[in-house]
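What follows is one structure encoded as structure tokens, with my remarks underneath.
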Amino acid sequence: MAAVHVVRRLREAGDWQREMDGILETMCRKMECQRGILFRLRELPGEGFAQSVAAYWIDPDFGGELASPTVIMQSIINSDTLLERLQEDERQGKIFSGHTRDLDGFLRTDFQKQNIKSFLSVSVFAHGHLWGTLAVNDCVAERAWTDEEEATLHIIALAIGDAIERSPSEAHASEVIRRTMLQASLDAIIVIDEAGSIIEFNPAAEKMFGYPRSAILGKDLLNTIVPIYYRKGYASGAEYMAGRGAPMVGQRLETVTQNAAGEIFPIELTATEMRVADRRLIFGSIRDLREKLHAEEEINRQREKLHQNEKMAAMGSLLAGVSHELNNPLAVVVAQSTLLHEFAGDPQTKVRAEKVRAAAERCGRIVKSFLSMVRLHPTEQAETDLNQVMRSALEVTAYGARSSGIIIDTDFATGPLLAMADADHITQVAANFLINSQHALVGITGERTIKVRTFRNERGNPGFSVEDNGPGIPEAIRSRIFESYFTTKPVGVGTGIGLSISKSIVERHNGNIWFEEVEPHGARFVVQLPAIAGGAASAGEGPARSSGLRHALIIDDEPDVAGSLSDILELMGLKSRVVASWTSAADVLTGHMPPDIVFSDLRMPGISGIAIYRELLSQQPALAKRFVLVTGDLIGAKAEIEALPPQQRPQILEKPFSTLDVRGVLSTVADEAAADNGAHI
């Protein structure tokens with residue numbers, strides 16, 4: 001009657017799965033077996049079936065009773081369906097029994113690991129299909145299974161099949177959901193058994209690792225996706241996952257793996273242990289970190305780029321401030337040495353004054369070149385002599401070459417080599433080439449040479465090149481030399497932005513920039529700009545025109561600078577009045593000879609030159625047209641100047657100024673005054 005009760009339990013159970021532990025426990029106790037397992041068969045599309053544990057098992061320490069198979073058979077004899085299926089299964093030989101020693105291959109190895117000596121199993125059918133297997137194992141000794149034991153197992157398998165067919169559809173839905181989640185997961189899912197063999201490998205894992213599912217199932221994790229250099233000392237994938245001092249199971253960690261092609265790549269691994277029936281499985285969820293790490297690298301690169309830009313901006317501001325402070329004393333030296341040369345009584349004094357003036361003007365040009373390199377103004381193209389651009393760049397970089405014993409070989413085109421260009425920006429490009437060549441020659445033995453050339457090609461395009469006999473650029477990195485922050489220089493020597501900025505400047509000029517290899521070794525950088533119509537423009541350098549410019553007003557809080565400008569103007573025929581501070585146009589201009597031209601310093605205590613200009617623009621617009629802003633810090637005034645309409649922007653005289661600079665400003669103001677007078681005739 002106990003057997004009838006078992007069958008009734010399965011038939012009346014709302015959830016047959018909850019009854020299985022008790023049934024398996026009773027069955028194993030009656031048959032004196034150590035294990036009772038219900039396996040579930042799952043379909044592999046196009047490949048048949050594969051077997052996995054369905055999570056039902058019995059602890060042999062629990063007791064129970066089961067009636068003899070004969071009693072069970074007699075109790076269910078009236079169930080024609082069960083009897084007919086039993087007879088059909090018997091005819092098809094669905095009972096499978098034997099000893100582990102009689103097996104071979106993977107199954108024998110697996111049974112030996114589980115210490116199984118003998119086994120007995122029977123198929124479970126549901127809904128007309130093979131659903132799974134019910135099995136018992138003897139782990140103590142080999143045994144011959146009796147007919148009664150086989151019949152008992154078969155009857156219970158039939159009852160389980162009936163219970164499955166009567167079970168609610170939610171269980172089936174749950175299985176479908178589980179399978180769909182496994183198949184649709186974006187993360188690779190790999191399940192291994194206690195021996196380290198792979199028993200689950202989802203589509204994401206196939207894509208990530210490059211192994212077909214059919215080819216990797218049953219293989220050991222250690223010999224497939226574990227990097228070769230990590231395999232030493234481990235007997236299986238399960239042992240590797242357990243680790244030595246650092247187990248992976250139960251952890252979420254970052255590590256590396258290996259795909260079918262042998263490529264090592266970073267992953268995030270979450271490993272979880274599962275107990276299914278009497279088996280210990282390890283469930284691994286794996287996420288490829290390559291895209292994430294690449295994104296982080298790009299973020300770090302952009303962060304470093306921003307940091308470098310901030311450093312360059314800070315350096316530019318510092319350089320601008322230092323240059324501004326140097327410009328005032330340099331303006332005095334240039335002006336006074338010019339005057340000394342003009343009025344010296346003996347030839348020796350004239351020669352010395354000329355040397356002082358030349359050196360001071362060179363200092364002024366170097367300061368102006370430094371300032372032009374950090375100016376944040378857009379490209380302002382005008383007819384520019386590339387020969388003069390290269391001379392300016394050579395002056396800026398001359399000390400580094402001279403102190404390193406580098407020979408500078410120049411070959412300039414005859415006459416002015418004109419291009420439509422921003423002189424400041426193109427000078428920056430040339431200076432960067434020269435500095436790079438100097439760095440390339442560090443550590444080179446023998447003669448070290450930099451060749452500078454300006455040219456016009458067969459189509460009439462002007463250009464220049466800088467060549468050195470250093471080690472050159474390896475072919476492997478030539479494609480990257482114009483990338484931002486790519487550099488082969490040691491830390492502290494370069495930022496990796498020089499060539500990138502140079503390329504950007506040249507492209508804004510609609511020109512071309514490229515690298516050429518030099519034989520037997522060395523590097524040559526070439527710039528070519530668009531040709532312009534017309535020949536050389538000769539700048540008129542005459543004295544101030546006789547258009548009424550006879551009296552000048554100088555507004556400057558630096559007495560030496562104001563006095564030097566006044567002396568130069570006097571040399572050119574202009575009388576000057578110096579005002580150290582500005583109160584208002586009425587206070588400064590009333591009671592004095594009206595000035596023909598006004599020179600005002602940009603930065604002064606209390607008021608700026610821009611504010612004075614705006615006041616004159618509103619009260620005396622005619623005088624505002626002859627206003628000259630004197631400054632050594634054009635960067636600071638850039639925004640204020642550009643806020644004015646282009647036709648209202650004042651003339652600029654940058655410090656330190658030479659007699660040629662002052663004469664040029666006077667000539668421009670005289671031309672505009674003459675044009676304005678002509679317009680009113």
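Every chain in the structure tokens takes a letter, A first, then B, and so on in the order presented; its residues are numbered from 1, and the ligands are numbered from 1 following the presented order.
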
Please report, as a VMD selection string, each residue of stretch 419-478 of chain A to which DSSP assigns strand (DSSP E) when run on this structure's backbone. chain A and resid 419 to 421 449 to 456 462 to 468

Residues at most 12 Å from A:Arg391, counting only C-alpha atoms, excluding those fewer than 6 positions away in the same chain, as a CSV table (one decimal) with N, CA, C and O atoms, in the first residue's frame?
chain,number,residue,atom,x,y,z
A,362,ARG,N,67.0,93.2,-31.7
A,362,ARG,CA,66.9,91.7,-31.8
A,362,ARG,C,66.1,91.2,-30.6
A,362,ARG,O,65.3,90.2,-30.7
A,365,ARG,N,62.5,91.7,-31.2
A,365,ARG,CA,61.9,90.8,-32.1
A,365,ARG,C,61.7,89.4,-31.5
A,365,ARG,O,60.7,88.8,-31.8
A,366,ILE,N,62.7,89.0,-30.7
A,366,ILE,CA,62.5,87.7,-30.0
A,366,ILE,C,61.3,87.7,-29.1
A,366,ILE,O,60.5,86.8,-29.0
A,369,SER,N,58.2,87.6,-31.1
A,369,SER,CA,58.0,86.3,-31.6
A,369,SER,C,57.4,85.4,-30.5
A,369,SER,O,56.4,84.6,-30.8
A,385,ASP,N,56.5,87.9,-46.2
A,385,ASP,CA,57.7,87.4,-46.8
A,385,ASP,C,58.2,86.2,-46.0
A,385,ASP,O,58.6,86.3,-44.8
A,397,THR,N,65.2,80.7,-32.0
A,397,THR,CA,65.8,79.4,-31.7
A,397,THR,C,67.3,79.4,-31.8
A,397,THR,O,68.0,78.3,-31.6
A,398,ALA,N,67.9,80.6,-32.0
A,398,ALA,CA,69.4,80.6,-32.3
A,398,ALA,C,70.2,80.1,-31.1
A,398,ALA,O,71.2,79.4,-31.2
A,408,ILE,N,73.9,75.8,-38.7
A,408,ILE,CA,72.7,76.2,-39.4
A,408,ILE,C,73.1,76.6,-40.8
A,408,ILE,O,73.9,77.5,-41.0
A,410,THR,N,71.6,77.9,-44.3
A,410,THR,CA,70.4,78.6,-44.9
A,410,THR,C,70.6,78.7,-46.4
A,410,THR,O,71.6,78.9,-47.0
A,411,ASP,N,69.4,78.6,-47.1
A,411,ASP,CA,69.4,78.8,-48.5
A,411,ASP,C,68.0,79.4,-48.8
A,411,ASP,O,67.0,78.8,-49.0
A,412,PHE,N,68.0,80.8,-48.9
A,412,PHE,CA,66.8,81.5,-49.0
A,412,PHE,C,66.6,81.9,-50.5
A,412,PHE,O,67.6,82.1,-51.3
A,423,ALA,N,51.8,86.0,-40.3
A,423,ALA,CA,53.3,85.9,-40.1
A,423,ALA,C,53.6,85.3,-38.7
A,423,ALA,O,54.5,84.5,-38.6
A,426,ILE,N,52.8,81.4,-38.9
A,426,ILE,CA,53.8,80.7,-39.7
A,426,ILE,C,55.2,80.7,-39.1
A,426,ILE,O,55.9,79.7,-39.2
A,427,THR,N,55.5,81.8,-38.4
A,427,THR,CA,56.8,81.8,-37.6
A,427,THR,C,56.8,80.7,-36.6
A,427,THR,O,57.8,80.0,-36.3
A,428,GLN,N,55.6,80.5,-35.9
A,428,GLN,CA,55.5,79.5,-34.9
A,428,GLN,C,55.7,78.1,-35.5
A,428,GLN,O,56.4,77.2,-34.9
A,430,ALA,N,57.6,77.4,-38.2
A,430,ALA,CA,59.0,77.3,-38.5
A,430,ALA,C,59.8,77.1,-37.3
A,430,ALA,O,60.8,76.2,-37.2
A,431,ALA,N,59.5,77.8,-36.2
A,431,ALA,CA,60.3,77.7,-35.0
A,431,ALA,C,60.1,76.3,-34.4
A,431,ALA,O,61.0,75.7,-33.8
A,434,LEU,N,62.4,73.9,-36.2
A,434,LEU,CA,63.8,74.1,-35.7
A,434,LEU,C,64.1,73.5,-34.4
A,434,LEU,O,65.1,72.9,-34.1
A,452,VAL,N,68.0,75.0,-43.6
A,452,VAL,CA,66.8,75.8,-43.7
A,452,VAL,C,66.7,76.3,-45.1
A,452,VAL,O,67.7,77.0,-45.6
A,453,ARG,N,65.6,76.1,-45.8
A,453,ARG,CA,65.5,76.5,-47.2
A,453,ARG,C,64.1,77.1,-47.4
A,453,ARG,O,63.1,76.6,-46.9
A,454,THR,N,64.1,78.2,-48.2
A,454,THR,CA,62.8,78.7,-48.7
A,454,THR,C,62.8,78.6,-50.3
A,454,THR,O,63.9,78.6,-50.9
A,464,PHE,N,58.7,76.5,-47.5
A,464,PHE,CA,60.0,76.4,-46.7
A,464,PHE,C,60.2,75.0,-46.2
A,464,PHE,O,59.2,74.2,-46.1

Backbone-only DSSP, helix (DSSP H, G or I) members of stretch 346-459 of chain A, as a PyMOL selection string: chain A and resi 347-374+386-403+423-440

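The interatomic distance for the pair atom CA of A:Glu149 and atom CA of A:His99 works out to 15.6 Å.
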
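You can rank A:Thr414, A:Phe283, A:Lys503, A:Ser123 by their closest distance to A:Asn202 using only C-alpha atoms, and at the top of that list sits A:Phe283.
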
Using only C-alpha atoms, determine which residues lie at most 7 Å from stretch 290-298 of chain A, disregarding the query and same-chain residues fewer than 4 positions distant; provide the list as a ChimeraX atom specification. /A:265-266,302

With N, CA and C atoms kept, could you save the residues just selected as a PDB file, in the first residue's frame?
ATOM      1  N   PHE A 265      42.549  38.822 -23.469  1.00  0.00           N
ATOM      2  CA  PHE A 265      41.841  40.084 -23.308  1.00  0.00           C
ATOM      3  C   PHE A 265      41.209  40.157 -21.919  1.00  0.00           C
ATOM      4  N   PRO A 266      40.949  41.373 -21.435  1.00  0.00           N
ATOM      5  CA  PRO A 266      40.439  41.564 -20.071  1.00  0.00           C
ATOM      6  C   PRO A 266      38.933  41.301 -19.974  1.00  0.00           C
ATOM      7  N   GLN A 302      41.770  62.375 -23.143  1.00  0.00           N
ATOM      8  CA  GLN A 302      41.156  63.694 -23.267  1.00  0.00           C
ATOM      9  C   GLN A 302      41.411  64.535 -22.017  1.00  0.00           C
TER      10      GLN A 302
END

note - atom CA of A:Val249 and atom CA of A:Ala271 are separated by 4.8 Å

So that I can see what lies close to A:Phe599, please list as a PyMOL selection string the residues with an atom at most 10 Å from it, counting only C-alpha atoms and leaving out residues fewer than 4 positions away in the same chain. chain A and resi 552-556+562+565-566+576+578+609+626-630+651-653

What does the structure give for the distance between atom CA of A:Asp138 and atom CA of A:Thr109, in Å to one decimal?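 About the pair atom CA of A:Asp138 and atom CA of A:Thr109: they are 16.1 Å apart.
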
Skipping near chain neighbours, those fewer than 5 positions away, what residues fall within 9 Å of A:Leu134 using only C-alpha atoms, listed as a ChimeraX atom specification? /A:36-40,120-124,153-154,156-157

Residues from last step as file, N, CA, C and O atoms, as a CSV table (one decimal), in the first residue's frame:
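What follows is the written file result_37.csv:
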chain,number,residue,atom,x,y,z
A,36,GLY,N,20.0,8.9,-5.6
A,36,GLY,CA,18.9,8.9,-6.5
A,36,GLY,C,18.7,10.2,-7.2
A,36,GLY,O,18.6,11.2,-6.6
A,37,ILE,N,18.7,10.2,-8.6
A,37,ILE,CA,18.8,11.4,-9.3
A,37,ILE,C,17.8,11.4,-10.4
A,37,ILE,O,17.5,10.4,-11.1
A,38,LEU,N,17.1,12.5,-10.6
A,38,LEU,CA,16.2,12.7,-11.7
A,38,LEU,C,16.9,13.7,-12.7
A,38,LEU,O,17.1,14.9,-12.4
A,39,PHE,N,17.3,13.2,-13.9
A,39,PHE,CA,17.9,14.0,-14.9
A,39,PHE,C,16.9,14.6,-15.8
A,39,PHE,O,15.8,14.0,-16.1
A,40,ARG,N,17.2,15.7,-16.4
A,40,ARG,CA,16.4,16.4,-17.4
A,40,ARG,C,17.2,16.4,-18.7
A,40,ARG,O,18.3,16.8,-18.7
A,120,LEU,N,21.7,2.2,-12.3
A,120,LEU,CA,20.5,1.7,-12.9
A,120,LEU,C,19.7,2.9,-13.2
A,120,LEU,O,19.4,3.8,-12.4
A,121,SER,N,19.2,3.0,-14.5
A,121,SER,CA,18.5,4.2,-14.9
A,121,SER,C,17.3,3.7,-15.9
A,121,SER,O,17.4,2.7,-16.5
A,122,VAL,N,16.3,4.6,-16.0
A,122,VAL,CA,15.2,4.3,-16.8
A,122,VAL,C,14.7,5.7,-17.4
A,122,VAL,O,14.8,6.7,-16.8
A,123,SER,N,14.2,5.6,-18.6
A,123,SER,CA,13.8,6.8,-19.3
A,123,SER,C,12.5,7.4,-18.7
A,123,SER,O,11.6,6.6,-18.3
A,124,VAL,N,12.3,8.7,-18.7
A,124,VAL,CA,11.1,9.4,-18.3
A,124,VAL,C,10.5,10.0,-19.5
A,124,VAL,O,11.1,10.9,-20.2
A,153,LEU,N,11.9,1.1,-10.4
A,153,LEU,CA,12.4,2.3,-11.0
A,153,LEU,C,11.5,2.7,-12.2
A,153,LEU,O,11.2,3.9,-12.4
A,154,HIS,N,11.1,1.7,-13.0
A,154,HIS,CA,10.3,2.0,-14.2
A,154,HIS,C,8.9,2.5,-13.8
A,154,HIS,O,8.4,3.5,-14.4
A,156,ILE,N,8.0,4.1,-11.1
A,156,ILE,CA,8.1,5.5,-10.6
A,156,ILE,C,8.4,6.5,-11.7
A,156,ILE,O,7.8,7.6,-11.8
A,157,ALA,N,9.2,6.1,-12.7
A,157,ALA,CA,9.4,6.9,-13.9
A,157,ALA,C,8.2,7.2,-14.6
A,157,ALA,O,7.9,8.3,-15.1

Residue nearest A:Ala360 among A:Ala261, A:Gln381, A:Asn328, A:Ile641 (counting only C-alpha atoms):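 Of the candidates, the smallest distance to A:Ala360 is held by A:Asn328.
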
Selection: 8 Å around A:Arg550, only C-alpha atoms, excl. self and same-chain fewer than 4 positions, as a ChimeraX atom specification: /A:573-575,595-596

Would you save the residues from that selection as a short mmCIF file (atom, residue, chain, number, x, y, z; two decimals), in the first residue's frame, using N, CA and C atoms?
data_model
loop_
_atom_site.label_atom_id
_atom_site.label_comp_id
_atom_site.auth_asym_id
_atom_site.auth_seq_id
_atom_site.Cartn_x
_atom_site.Cartn_y
_atom_site.Cartn_z
N GLY A 573 60.55 115.13 -36.83
CA GLY A 573 59.96 116.43 -37.09
C GLY A 573 58.69 116.71 -36.33
N LEU A 574 58.37 115.94 -35.30
CA LEU A 574 57.15 116.17 -34.53
C LEU A 574 57.51 116.66 -33.13
N LYS A 575 56.80 117.69 -32.68
CA LYS A 575 56.92 118.15 -31.31
C LYS A 575 55.94 117.34 -30.44
N PRO A 595 46.59 118.35 -30.68
CA PRO A 595 47.53 117.37 -31.25
C PRO A 595 47.05 116.86 -32.60
N ASP A 596 48.02 116.53 -33.45
CA ASP A 596 47.70 115.91 -34.74
C ASP A 596 47.64 114.38 -34.61
#

Excluding stretch 456-462 of chain A and its own-chain neighbours fewer than 6 positions away, which residues fall within 12 Å of it when counting only C-alpha atoms? Please give them as a ChimeraX atom specification. /A:383-387,412-421,510-512,526-535

Could you tell me which of A:Gln114, A:Thr255, A:Gln34, A:Ser236 comes closest to A:Asn137 if we count only C-alpha atoms? A:Gln34

When distances are computed from only C-alpha atoms, which of A:Ala188, A:Leu549, A:Val389, A:Ile610 shows the smallest separation from A:Pro594?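 Answer, going by the shortest atom-to-atom distance: A:Leu549.
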
Distance criterion (only C-alpha atoms): nearest to A:Ser618 out of A:Ser404, A:Thr583, A:Asn309, A:Gln648: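 For A:Ser618, the nearest of the candidates is A:Gln648.
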